[in-house]
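The file entry.pdb contains PDB, C-alpha atoms:
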ATOM      1  CA  MET A  87      45.674 -29.282 114.533
ATOM      2  CA  ILE A  88      48.894 -27.651 113.342
ATOM      3  CA  ASN A  89      51.953 -29.695 112.446
ATOM      4  CA  GLY A  90      50.402 -32.658 114.143
ATOM      5  CA  ILE A  91      49.932 -30.899 117.452
ATOM      6  CA  PRO A  92      46.464 -30.115 118.748
ATOM      7  CA  GLU A  93      46.007 -26.378 119.034
ATOM      8  CA  ALA A  94      44.531 -26.513 122.483
ATOM      9  CA  SER A  95      47.546 -28.308 123.929
ATOM     10  CA  ALA A  96      50.152 -25.873 122.579
ATOM     11  CA  THR A  97      50.326 -23.476 125.513
ATOM     12  CA  PRO A  98      53.523 -21.562 126.304
ATOM     13  CA  GLU A  99      54.237 -23.942 129.169
ATOM     14  CA  ASP A 100      54.060 -27.219 127.278
ATOM     15  CA  ALA A 101      55.260 -25.870 123.930
ATOM     16  CA  ASP A 102      58.911 -26.073 124.963
ATOM     17  CA  THR A 103      59.239 -29.294 123.047
ATOM     18  CA  LEU A 104      58.196 -27.694 119.768
ATOM     19  CA  SER A 105      60.834 -26.709 117.267
ATOM     20  CA  ASP A 106      61.361 -23.093 116.261
ATOM     21  CA  ARG A 107      59.607 -23.721 112.968
ATOM     22  CA  GLU A 108      56.588 -25.259 114.640
ATOM     23  CA  LEU A 109      56.372 -22.341 117.037
ATOM     24  CA  ILE A 110      56.580 -19.900 114.144
ATOM     25  CA  SER A 111      53.767 -21.749 112.380
ATOM     26  CA  HIS A 112      51.614 -21.410 115.482
ATOM     27  CA  CYS A 113      52.448 -17.708 115.755
ATOM     28  CA  LEU A 114      51.541 -17.158 112.106
ATOM     29  CA  MET A 115      48.180 -18.786 112.763
ATOM     30  CA  GLY A 116      47.506 -16.098 115.333
ATOM     31  CA  ARG A 117      48.672 -17.844 118.512
ATOM     32  CA  SER A 118      50.890 -14.976 119.576
ATOM     33  CA  GLN A 119      51.338 -16.276 123.126
ATOM     34  CA  LEU A 120      53.671 -18.953 121.784
ATOM     35  CA  TYR A 121      56.087 -16.228 120.724
ATOM     36  CA  ARG A 122      56.948 -16.095 124.424
ATOM     37  CA  VAL A 123      58.572 -19.523 124.052
ATOM     38  CA  LEU A 124      60.690 -18.323 121.153
ATOM     39  CA  TYR A 125      61.704 -15.290 123.208
ATOM     40  CA  ARG A 126      62.698 -17.385 126.201
ATOM     41  CA  ARG A 127      64.630 -19.762 123.991
ATOM     42  CA  HIS A 128      66.742 -17.130 122.254
ATOM     43  CA  GLN A 129      66.780 -14.075 124.483
ATOM     44  CA  THR A 130      69.961 -15.040 126.336
ATOM     45  CA  LYS A 131      72.079 -15.173 123.195
ATOM     46  CA  VAL A 132      70.402 -12.097 121.749
ATOM     47  CA  ARG A 133      70.970 -10.199 124.960
ATOM     48  CA  SER A 134      74.554 -11.341 125.279
ATOM     49  CA  THR A 135      75.409 -10.458 121.690
ATOM     50  CA  LEU A 136      73.765  -7.059 121.945
ATOM     51  CA  TYR A 137      75.648  -6.413 125.147
ATOM     52  CA  GLN A 138      78.980  -7.234 123.506
ATOM     53  CA  LEU A 139      78.162  -5.039 120.535
ATOM     54  CA  CYS A 140      76.364  -2.114 122.151
ATOM     55  CA  GLY A 141      77.106  -2.219 125.851
ATOM     56  CA  GLU A 142      74.663  -1.879 128.691
ATOM     57  CA  ASP A 143      73.120   1.341 127.495
ATOM     58  CA  ALA A 144      69.470   0.758 126.520
ATOM     59  CA  LEU A 145      70.057  -2.998 126.469
ATOM     60  CA  ASP A 146      66.482  -3.918 127.427
ATOM     61  CA  ASP A 147      65.098  -1.617 124.745
ATOM     62  CA  LEU A 148      67.396  -3.124 122.124
ATOM     63  CA  VAL A 149      66.398  -6.674 123.068
ATOM     64  CA  GLN A 150      62.757  -5.677 122.802
ATOM     65  CA  GLU A 151      63.399  -3.991 119.453
ATOM     66  CA  VAL A 152      64.996  -7.162 118.090
ATOM     67  CA  PHE A 153      62.091  -9.358 119.082
ATOM     68  CA  ILE A 154      59.453  -6.932 117.837
ATOM     69  CA  LYS A 155      61.245  -6.683 114.495
ATOM     70  CA  ALA A 156      61.439 -10.461 114.377
ATOM     71  CA  TRP A 157      57.714 -10.683 115.128
ATOM     72  CA  ARG A 158      56.910  -8.234 112.356
ATOM     73  CA  GLY A 159      59.135 -10.171 109.985
ATOM     74  CA  LEU A 160      57.720 -13.619 110.765
ATOM     75  CA  PRO A 161      55.429 -13.650 107.679
ATOM     76  CA  GLN A 162      58.500 -13.047 105.503
ATOM     77  CA  PHE A 163      60.630 -15.615 107.329
ATOM     78  CA  ARG A 164      61.546 -18.468 105.037
ATOM     79  CA  GLN A 165      60.993 -21.724 106.838
ATOM     80  CA  GLN A 166      64.015 -23.217 105.091
ATOM     81  CA  ALA A 167      66.301 -20.809 106.905
ATOM     82  CA  GLN A 168      67.427 -21.279 110.476
ATOM     83  CA  PHE A 169      65.557 -19.038 112.874
ATOM     84  CA  SER A 170      68.620 -18.312 115.005
ATOM     85  CA  THR A 171      70.621 -17.164 111.978
ATOM     86  CA  TRP A 172      67.756 -14.950 110.899
ATOM     87  CA  LEU A 173      67.464 -13.592 114.436
ATOM     88  CA  TYR A 174      71.187 -12.844 114.594
ATOM     89  CA  ARG A 175      70.789 -10.903 111.389
ATOM     90  CA  ILE A 176      68.159  -8.739 113.055
ATOM     91  CA  VAL A 177      70.467  -8.353 116.060
ATOM     92  CA  TRP A 178      73.188  -7.169 113.729
ATOM     93  CA  ASN A 179      70.878  -4.617 112.075
ATOM     94  CA  VAL A 180      69.608  -3.312 115.394
ATOM     95  CA  ALA A 181      73.139  -3.086 116.781
ATOM     96  CA  SER A 182      74.348  -1.241 113.675
ATOM     97  CA  ASP A 183      71.483   1.247 113.892
ATOM     98  CA  HIS A 184      72.110   1.758 117.577
ATOM     99  CA  ARG A 185      75.800   2.396 117.040
ATOM    100  CA  GLN A 186      75.010   4.928 114.358
ATOM    101  CA  ARG A 187      72.563   6.681 116.672
ATOM    102  CA  GLN A 188      75.185   6.634 119.413
ATOM    103  CA  ALA A 189      77.750   8.157 117.086
ATOM    104  CA  LYS A 190      75.342  10.921 116.200
ATOM    105  CA  GLN A 191      74.539  11.620 119.820
ATOM    106  CA  ARG A 192      78.230  11.557 120.723
ATOM    107  CA  VAL A 193      77.719   9.022 123.446
ATOM    108  CA  ARG A 194      81.117   7.969 124.694
ATOM    109  CA  LEU A 195      82.324   4.632 125.972
ATOM    110  CA  GLU A 196      83.045   6.142 129.352
ATOM    111  CA  ALA A 197      79.335   6.115 130.033
ATOM    112  CA  LEU A 198      79.317   2.356 129.641
ATOM    113  CA  GLN A 199      82.197   1.994 132.077
ATOM    114  CA  GLN A 200      80.430   4.181 134.605
ATOM    115  CA  THR A 201      77.231   2.184 134.394
ATOM    116  CA  ALA A 202      79.191  -1.041 134.765
ATOM    117  CA  GLU A 203      80.835   0.079 137.972
ATOM    118  CA  PRO A 204      78.300  -1.403 140.409
ATOM    119  CA  ASN A 205      79.429  -4.873 139.277
ATOM    120  CA  PHE A 206      82.794  -4.301 140.882
ATOM    121  CA  ARG A 207      81.540  -4.316 144.427
ATOM    122  CA  SER A 208      81.215  -7.921 145.386
ATOM    123  CA  ALA A 209      83.216 -10.093 142.997
ATOM    124  CA  ASP A 210      86.839 -10.848 142.426
ATOM    125  CA  VAL A 211      88.574  -7.624 141.491
ATOM    126  CA  MET A 212      91.019  -9.138 139.002
ATOM    127  CA  HIS A 213      88.273 -11.035 137.277
ATOM    128  CA  LEU A 214      86.247  -7.879 136.952
ATOM    129  CA  HIS A 215      89.309  -6.008 135.782
ATOM    130  CA  TYR A 216      89.826  -8.499 132.978
ATOM    131  CA  GLN A 217      86.148  -8.345 132.132
ATOM    132  CA  ASP A 218      86.433  -4.614 131.897
ATOM    133  CA  LEU A 219      89.473  -4.956 129.639
ATOM    134  CA  VAL A 220      87.677  -7.374 127.334
ATOM    135  CA  GLN A 221      84.693  -5.063 127.163
ATOM    136  CA  ARG A 222      86.875  -2.060 126.375
ATOM    137  CA  GLY A 223      88.869  -4.087 123.908
ATOM    138  CA  LEU A 224      85.712  -5.083 122.077
ATOM    139  CA  GLN A 225      84.496  -1.508 122.041
ATOM    140  CA  SER A 226      87.815  -0.381 120.566
ATOM    141  CA  LEU A 227      87.237  -2.520 117.474
ATOM    142  CA  SER A 228      85.233  -1.434 114.482
ATOM    143  CA  LEU A 229      81.681  -2.733 114.527
ATOM    144  CA  GLU A 230      82.403  -5.152 111.669
ATOM    145  CA  HIS A 231      85.417  -6.679 113.446
ATOM    146  CA  GLN A 232      83.591  -6.662 116.740
ATOM    147  CA  ALA A 233      80.623  -8.520 115.265
ATOM    148  CA  VAL A 234      82.770 -11.261 113.749
ATOM    149  CA  LEU A 235      84.778 -11.721 116.946
ATOM    150  CA  VAL A 236      81.679 -11.845 119.161
ATOM    151  CA  LEU A 237      79.690 -14.143 116.913
ATOM    152  CA  HIS A 238      82.586 -16.547 116.265
ATOM    153  CA  ASP A 239      84.697 -16.560 119.411
ATOM    154  CA  LEU A 240      82.044 -15.813 122.025
ATOM    155  CA  GLU A 241      78.773 -17.077 120.552
ATOM    156  CA  HIS A 242      80.389 -20.013 118.713
ATOM    157  CA  LEU A 243      78.649 -19.445 115.404
ATOM    158  CA  PRO A 244      80.278 -21.212 112.448
ATOM    159  CA  GLN A 245      81.899 -18.987 109.858
ATOM    160  CA  LYS A 246      79.356 -19.979 107.227
ATOM    161  CA  GLU A 247      76.499 -18.855 109.448
ATOM    162  CA  ILE A 248      78.262 -15.597 110.260
ATOM    163  CA  ALA A 249      78.631 -15.002 106.536
ATOM    164  CA  ALA A 250      74.870 -15.469 106.170
ATOM    165  CA  VAL A 251      74.126 -13.174 109.110
ATOM    166  CA  LEU A 252      76.339 -10.374 107.861
ATOM    167  CA  SER A 253      75.705 -11.001 104.143
ATOM    168  CA  ILE A 254      79.382 -11.264 103.355
ATOM    169  CA  PRO A 255      81.504 -14.043 101.833
ATOM    170  CA  VAL A 256      83.089 -16.611 104.119
ATOM    171  CA  GLY A 257      86.515 -15.361 103.018
ATOM    172  CA  THR A 258      85.663 -11.923 104.335
ATOM    173  CA  VAL A 259      84.605 -13.465 107.647
ATOM    174  CA  LYS A 260      88.005 -15.164 107.937
ATOM    175  CA  SER A 261      89.827 -11.976 107.039
ATOM    176  CA  ARG A 262      87.857  -9.885 109.524
ATOM    177  CA  LEU A 263      88.347 -12.506 112.219
ATOM    178  CA  PHE A 264      92.107 -12.428 111.707
ATOM    179  CA  HIS A 265      92.261  -8.628 111.901
ATOM    180  CA  ALA A 266      89.867  -8.503 114.857
ATOM    181  CA  ARG A 267      91.950 -10.974 116.858
ATOM    182  CA  THR A 268      95.138  -9.135 116.012
ATOM    183  CA  ALA A 269      93.662  -5.816 117.122
ATOM    184  CA  MET A 270      92.261  -7.375 120.293
ATOM    185  CA  ARG A 271      95.570  -8.973 121.129
ATOM    186  CA  GLN A 272      97.366  -5.658 120.614
ATOM    187  CA  PHE A 273      94.874  -3.889 122.852
ATOM    188  CA  LEU A 274      95.336  -6.422 125.635
ATOM    189  CA  GLU A 275      99.134  -6.285 125.312
ATOM    190  CA  GLN A 276      98.971  -2.522 125.665
ATOM    191  CA  GLN A 277      97.094  -3.101 128.903
ATOM    192  CA  GLY A 278      99.797  -5.436 130.134
ATOM    193  CA  ILE A 279      97.952  -8.669 129.387
ATOM    194  CA  GLN A 280      99.595 -11.450 127.399
ATOM    195  CA  PRO A 281      96.821 -13.897 126.540
TER     196      PRO A 281
ATOM    197  CA  MET B 258     104.586 -29.696 126.920
ATOM    198  CA  THR B 259     102.747 -28.085 124.009
ATOM    199  CA  HIS B 260     101.108 -24.689 124.228
ATOM    200  CA  PRO B 261      97.791 -23.989 122.537
ATOM    201  CA  PRO B 262      98.045 -21.795 119.474
ATOM    202  CA  PRO B 263      97.971 -18.052 120.172
ATOM    203  CA  ASP B 264      94.504 -17.679 118.703
ATOM    204  CA  GLN B 265      93.143 -20.339 121.028
ATOM    205  CA  GLN B 266      94.773 -18.649 124.029
ATOM    206  CA  LEU B 267      93.123 -15.387 123.062
ATOM    207  CA  ILE B 268      89.753 -17.084 122.549
ATOM    208  CA  ASP B 269      89.996 -18.803 125.926
ATOM    209  CA  PHE B 270      90.838 -15.515 127.573
ATOM    210  CA  LEU B 271      87.927 -13.734 125.875
ATOM    211  CA  GLN B 272      85.492 -16.477 126.801
ATOM    212  CA  ARG B 273      86.631 -16.608 130.393
ATOM    213  CA  TYR B 274      86.411 -12.877 130.897
ATOM    214  CA  ARG B 275      83.619 -11.994 128.594
ATOM    215  CA  PRO B 276      81.499  -9.396 130.332
ATOM    216  CA  LEU B 277      78.113 -10.773 131.178
ATOM    217  CA  PRO B 278      75.064  -8.682 130.406
ATOM    218  CA  PRO B 279      73.053  -7.402 133.336
ATOM    219  CA  ALA B 280      69.838  -9.229 134.081
ATOM    220  CA  ALA B 281      66.828  -8.132 132.127
ATOM    221  CA  HIS B 282      64.196  -6.047 133.811
ATOM    222  CA  SER B 283      61.669  -8.320 135.449
ATOM    223  CA  ASP B 284      58.772  -7.190 133.288
ATOM    224  CA  LEU B 285      60.668  -7.081 129.986
ATOM    225  CA  GLU B 286      59.038 -10.275 128.719
ATOM    226  CA  ASP B 287      55.538  -9.054 129.542
ATOM    227  CA  ARG B 288      56.278  -5.644 128.043
ATOM    228  CA  LEU B 289      57.433  -7.322 124.857
ATOM    229  CA  MET B 290      54.384  -9.548 124.629
ATOM    230  CA  SER B 291      52.031  -6.635 125.143
ATOM    231  CA  ALA B 292      53.928  -4.542 122.595
ATOM    232  CA  LEU B 293      53.595  -7.088 119.806
ATOM    233  CA  PRO B 294      51.609  -5.548 116.981
ATOM    234  CA  ASP B 295      48.492  -7.443 115.926
ATOM    235  CA  THR B 296      49.119  -7.003 112.252
ATOM    236  CA  ALA B 297      52.159  -9.266 111.974
ATOM    237  CA  THR B 298      50.289 -12.450 111.350
ATOM    238  CA  ALA B 299      47.166 -11.026 109.744
ATOM    239  CA  ALA B 300      48.350 -11.835 106.242
ATOM    240  CA  TYR B 301      48.505 -15.511 107.113
ATOM    241  CA  LEU B 302      45.071 -15.777 108.659
ATOM    242  CA  PRO B 303      42.218 -17.251 106.648
ATOM    243  CA  TRP B 304      40.179 -14.725 104.691
ATOM    244  CA  PHE B 305      37.160 -14.891 106.999
ATOM    245  CA  GLN B 306      39.372 -14.217 110.023
ATOM    246  CA  GLN B 307      40.989 -11.219 108.349
ATOM    247  CA  HIS B 308      37.620  -9.677 107.457
ATOM    248  CA  TYR B 309      35.541 -10.899 110.342
ATOM    249  CA  ARG B 310      34.558  -7.359 111.337
ATOM    250  CA  ARG B 311      33.194  -6.539 107.898
ATOM    251  CA  LEU B 312      31.460  -9.879 107.799
ATOM    252  CA  ALA B 313      29.940  -9.302 111.213
ATOM    253  CA  VAL B 314      28.636  -5.856 110.228
ATOM    254  CA  SER B 315      27.192  -7.201 106.965
ATOM    255  CA  ALA B 316      25.548 -10.122 108.718
ATOM    256  CA  LEU B 317      24.114  -7.743 111.298
ATOM    257  CA  LEU B 318      22.646  -5.499 108.597
ATOM    258  CA  VAL B 319      21.095  -8.395 106.690
ATOM    259  CA  THR B 320      19.657  -9.840 109.896
ATOM    260  CA  GLY B 321      18.213  -6.450 110.800
ATOM    261  CA  LEU B 322      16.582  -6.026 107.418
ATOM    262  CA  LEU B 323      15.087  -9.511 107.562
ATOM    263  CA  ALA B 324      13.795  -8.898 111.051
ATOM    264  CA  LEU B 325      12.256  -5.570 110.008
ATOM    265  CA  THR B 326      10.538  -7.182 107.017
ATOM    266  CA  ALA B 327       9.216  -9.992 109.177
ATOM    267  CA  VAL B 328       7.861  -7.582 111.777
ATOM    268  CA  ARG B 329       6.129  -5.417 109.170
ATOM    269  CA  THR B 330       4.589  -8.462 107.555
ATOM    270  CA  TRP B 331       3.423  -9.789 110.873
ATOM    271  CA  ARG B 332       1.918  -6.457 111.911
ATOM    272  CA  GLN B 333      -0.167  -6.047 108.741
ATOM    273  CA  PRO B 334      -3.932  -5.852 109.745
ATOM    274  CA  GLN B 335      -5.712  -9.144 109.399
ATOM    275  CA  LEU B 336      -9.514  -8.934 108.929
ATOM    276  CA  SER B 337     -11.768 -11.157 110.892
ATOM    277  CA  GLN B 338     -14.611 -13.033 109.233
ATOM    278  CA  ALA B 339     -17.211 -10.541 110.450
ATOM    279  CA  GLU B 340     -15.124  -7.571 109.270
ATOM    280  CA  ARG B 341     -14.627  -9.197 105.891
ATOM    281  CA  GLU B 342     -18.403  -9.730 105.538
ATOM    282  CA  ASP B 343     -19.029  -6.098 106.542
ATOM    283  CA  LEU B 344     -16.519  -4.950 103.970
ATOM    284  CA  GLU B 345     -18.110  -7.041 101.231
ATOM    285  CA  LEU B 346     -21.493  -5.705 102.161
ATOM    286  CA  PHE B 347     -20.197  -2.171 102.083
ATOM    287  CA  VAL B 348     -18.627  -2.616  98.641
ATOM    288  CA  THR B 349     -21.799  -4.215  97.265
ATOM    289  CA  GLU B 350     -24.029  -1.493  98.628
ATOM    290  CA  THR B 351     -21.776   1.249  97.345
ATOM    291  CA  TRP B 352     -21.709  -0.353  93.915
ATOM    292  CA  THR B 353     -25.467  -0.769  93.806
ATOM    293  CA  ARG B 354     -26.104   2.747  95.043
ATOM    294  CA  THR B 355     -23.828   4.148  92.381
ATOM    295  CA  TYR B 356     -25.826   2.498  89.617
ATOM    296  CA  SER B 357     -29.194   3.302  91.183
ATOM    297  CA  ASP B 358     -28.325   7.038  91.229
ATOM    298  CA  PHE B 359     -27.495   6.946  87.512
ATOM    299  CA  PRO B 360     -30.471   7.817  85.137
ATOM    300  CA  LEU B 361     -31.976   4.544  84.022
ATOM    301  CA  ASN B 362     -33.756   5.854  80.860
ATOM    302  CA  GLU B 363     -31.097   6.527  78.328
ATOM    303  CA  PRO B 364     -32.042   9.066  75.596
ATOM    304  CA  THR B 365     -33.129   7.621  72.277
ATOM    305  CA  PRO B 366     -31.197   8.506  69.103
ATOM    306  CA  SER B 367     -34.030  10.792  67.939
ATOM    307  CA  GLU B 368     -33.915  12.682  71.217
ATOM    308  CA  ILE B 369     -30.229  13.072  70.874
ATOM    309  CA  SER B 370     -30.417  14.368  67.334
ATOM    310  CA  SER B 371     -33.161  16.826  68.182
ATOM    311  CA  ALA B 372     -31.543  18.143  71.251
ATOM    312  CA  ASP B 373     -27.990  19.305  71.449
ATOM    313  CA  THR B 374     -26.562  17.677  68.387
ATOM    314  CA  GLY B 375     -27.586  20.187  65.785
ATOM    315  CA  TRP B 376     -24.083  21.289  65.370
ATOM    316  CA  LEU B 377     -22.977  17.808  64.296
ATOM    317  CA  LEU B 378     -22.678  17.048  60.584
ATOM    318  CA  PRO B 379     -25.752  15.248  59.236
ATOM    319  CA  LEU B 380     -25.297  11.579  58.503
ATOM    320  CA  PRO B 381     -25.426  10.481  54.870
ATOM    321  CA  THR B 382     -28.937   9.260  54.083
ATOM    322  CA  ASP B 383     -27.986   6.044  52.278
ATOM    323  CA  THR B 384     -25.646   5.066  55.075
ATOM    324  CA  ALA B 385     -28.312   5.946  57.553
ATOM    325  CA  ALA B 386     -30.792   3.844  55.630
ATOM    326  CA  ASP B 387     -28.471   0.828  55.916
TER     327      ASP B 387
END

Show how you would write the structure in this file as structure tokens.
Amino acid sequence: MINGIPEASATPEDADTLSDRELISHCLMGRSQLYRVLYRRHQTKVRSTLYQLCGEDALDDLVQEVFIKAWRGLPQFRQQAQFSTWLYRIVWNVASDHRQRQAKQRVRLEALQQTAEPNFRSADVMHLHYQDLVQRGLQSLSLEHQAVLVLHDLEHLPQKEIAAVLSIPVGTVKSRLFHARTAMRQFLEQQGIQP
Amino acid sequence: MTHPPPDQQLIDFLQRYRPLPPAAHSDLEDRLMSALPDTATAAYLPWFQQHYRRLAVSALLVTGLLALTAVRTWRQPQLSQAEREDLELFVTETWTRTYSDFPLNEPTPSEISSADTGWLLPLPTDTAAD
């Protein structure tokens, strides 16, 4: 029995009611199948954030890298911390590494636009146009500004949590958020959009 | 009519038109689960679970040695009553024959002194008299 739950009953299917901490405890006791529940619970936000920060290129591989790094780091995870914050921190590290690799390989943003083109076939053209603008606007920001804007304005993380994820003071988060919004607004205005 | 602050307008716009990530590959979850290294949680397992292979090998060796000892002990020849009696008889006869072949008449001291003991120093007479 772990955390009051019989081991035999904690299968991936009926473990949805367990908290993140309980699931981590099970995983640390060797019940690796329960990590699937943690993955399903957080993969949408991880995937979305990685997509905003890195684009579509190698997205599946990056998501997998995040969750494997998280798995490896579970023994060091402090149960007092929030798992999602800790996971976002790994997302941030993976995204930073990926961007550095991209810079070295001289991968350009045009590649992302080309791979995104199939989305334009069946949906509203203006909507997709604005989506494309937002994506390009995000990519035009520095990674630090991009991260703050995505985590705060798109993923709804509080500033204090963003400060913990990025290991920066809350004041720096506010400052970066201000500059990121200003730059984003300027980009959109240049494209003829007045949000 | 009041307008939302510019920041809120921008946030609303970003949220409405945020590009959505493409769907994950159908087998991504299974790939991830199969790619998880086994060593991540090893440090948190009980000692006997961490070293169960060593323990299993040691237990196997000890069991093998015990089994070998037991087999050798069991296979040691056990004499029947008749064989034991034959053996005793054999030992007794051999012992008796050994003594029967030995000369029964031991030489007397005078025979010894007159025979091959001339080279020995003569005994003192007073000591000999005692």

(request) Write out as a list in words which residues come within 10 Å of His213 in chain A when counting all atoms listed in the file, dropping same-chain ones fewer than 6 positions away. (result)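 The contact residues come out as Phe206 and Leu219 of chain A; Arg273, Tyr274, Arg275 and Pro276 of chain B.
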
Filtering to C-alpha atoms, could you give me those residues as a compact mmCIF listing (two decimals), in the frame of the given file?
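See part_17.txt below for the written result:
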# COMPACT_ATOMS: atom_id res chain seq x y z
CA PHE A 206 82.79 -4.30 140.88
CA LEU A 219 89.47 -4.96 129.64
CA ARG B 273 86.63 -16.61 130.39
CA TYR B 274 86.41 -12.88 130.90
CA ARG B 275 83.62 -11.99 128.59
CA PRO B 276 81.50 -9.40 130.33

(request) Quote the spacing between CA of Trp331 in chain B and CA of Ala316 in chain B in Å to one decimal place. (result) 22.2 Å

(request) With a distance threshold of 8 Å and counting all atoms listed in the file, extract the residues of chain A near chain B and express them as a ChimeraX atom specification. (result) /A:113-116,119,121-122,125,133-134,137-138,142,146,150,153-154,157-161,213-214,216-218,220-221,239-240,267,271,281

(request) Would you work out the distance separating CA of Phe273 in chain A from CA of Pro244 in chain A, expressed in Å to one decimal? (result) 24.9 Å

(request) Report as a PyMOL selection string the residues that result from applying the PyMOL selection byres ((chain A and resi 109) around 10) to the structure here. (result) chain A and resi 88-89+96+98+101-108+110-115+117-124

(message) Just the number, please: distance in Å from CA of Ser228 in chain A to CA of Ala266 in chain A, one decimal.
(response) 8.5 Å

(request) Considering only C-alpha atoms, state which residue in the set A:Thr135, A:Gln277, A:Gln162, A:Thr171 is at the smallest distance from Gln232 in chain A. (result)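 Closest residue, counting only C-alpha atoms: A:Thr135.
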
(request) Give me the result of the PyMOL selection byres ((chain A and resi 176) around 12) on this file, residue by residue, as a ChimeraX atom specification. (result) /A:132,135-136,148-160,163,169-175,177-183,250-253

Resulting file, chosen residues, C-alpha atoms, as a PDB file, in the coordinates of the input:
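After the write, part22.pdb holds the following:
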ATOM      1  CA  VAL A 132      70.402 -12.097 121.749  1.00  0.00           C
ATOM      2  CA  THR A 135      75.409 -10.458 121.690  1.00  0.00           C
ATOM      3  CA  LEU A 136      73.765  -7.059 121.945  1.00  0.00           C
ATOM      4  CA  LEU A 148      67.396  -3.124 122.124  1.00  0.00           C
ATOM      5  CA  VAL A 149      66.398  -6.674 123.068  1.00  0.00           C
ATOM      6  CA  GLN A 150      62.757  -5.677 122.802  1.00  0.00           C
ATOM      7  CA  GLU A 151      63.399  -3.991 119.453  1.00  0.00           C
ATOM      8  CA  VAL A 152      64.996  -7.162 118.090  1.00  0.00           C
ATOM      9  CA  PHE A 153      62.091  -9.358 119.082  1.00  0.00           C
ATOM     10  CA  ILE A 154      59.453  -6.932 117.837  1.00  0.00           C
ATOM     11  CA  LYS A 155      61.245  -6.683 114.495  1.00  0.00           C
ATOM     12  CA  ALA A 156      61.439 -10.461 114.377  1.00  0.00           C
ATOM     13  CA  TRP A 157      57.714 -10.683 115.128  1.00  0.00           C
ATOM     14  CA  ARG A 158      56.910  -8.234 112.356  1.00  0.00           C
ATOM     15  CA  GLY A 159      59.135 -10.171 109.985  1.00  0.00           C
ATOM     16  CA  LEU A 160      57.720 -13.619 110.765  1.00  0.00           C
ATOM     17  CA  PHE A 163      60.630 -15.615 107.329  1.00  0.00           C
ATOM     18  CA  PHE A 169      65.557 -19.038 112.874  1.00  0.00           C
ATOM     19  CA  SER A 170      68.620 -18.312 115.005  1.00  0.00           C
ATOM     20  CA  THR A 171      70.621 -17.164 111.978  1.00  0.00           C
ATOM     21  CA  TRP A 172      67.756 -14.950 110.899  1.00  0.00           C
ATOM     22  CA  LEU A 173      67.464 -13.592 114.436  1.00  0.00           C
ATOM     23  CA  TYR A 174      71.187 -12.844 114.594  1.00  0.00           C
ATOM     24  CA  ARG A 175      70.789 -10.903 111.389  1.00  0.00           C
ATOM     25  CA  VAL A 177      70.467  -8.353 116.060  1.00  0.00           C
ATOM     26  CA  TRP A 178      73.188  -7.169 113.729  1.00  0.00           C
ATOM     27  CA  ASN A 179      70.878  -4.617 112.075  1.00  0.00           C
ATOM     28  CA  VAL A 180      69.608  -3.312 115.394  1.00  0.00           C
ATOM     29  CA  ALA A 181      73.139  -3.086 116.781  1.00  0.00           C
ATOM     30  CA  SER A 182      74.348  -1.241 113.675  1.00  0.00           C
ATOM     31  CA  ASP A 183      71.483   1.247 113.892  1.00  0.00           C
ATOM     32  CA  ALA A 250      74.870 -15.469 106.170  1.00  0.00           C
ATOM     33  CA  VAL A 251      74.126 -13.174 109.110  1.00  0.00           C
ATOM     34  CA  LEU A 252      76.339 -10.374 107.861  1.00  0.00           C
ATOM     35  CA  SER A 253      75.705 -11.001 104.143  1.00  0.00           C
TER      36      SER A 253
END
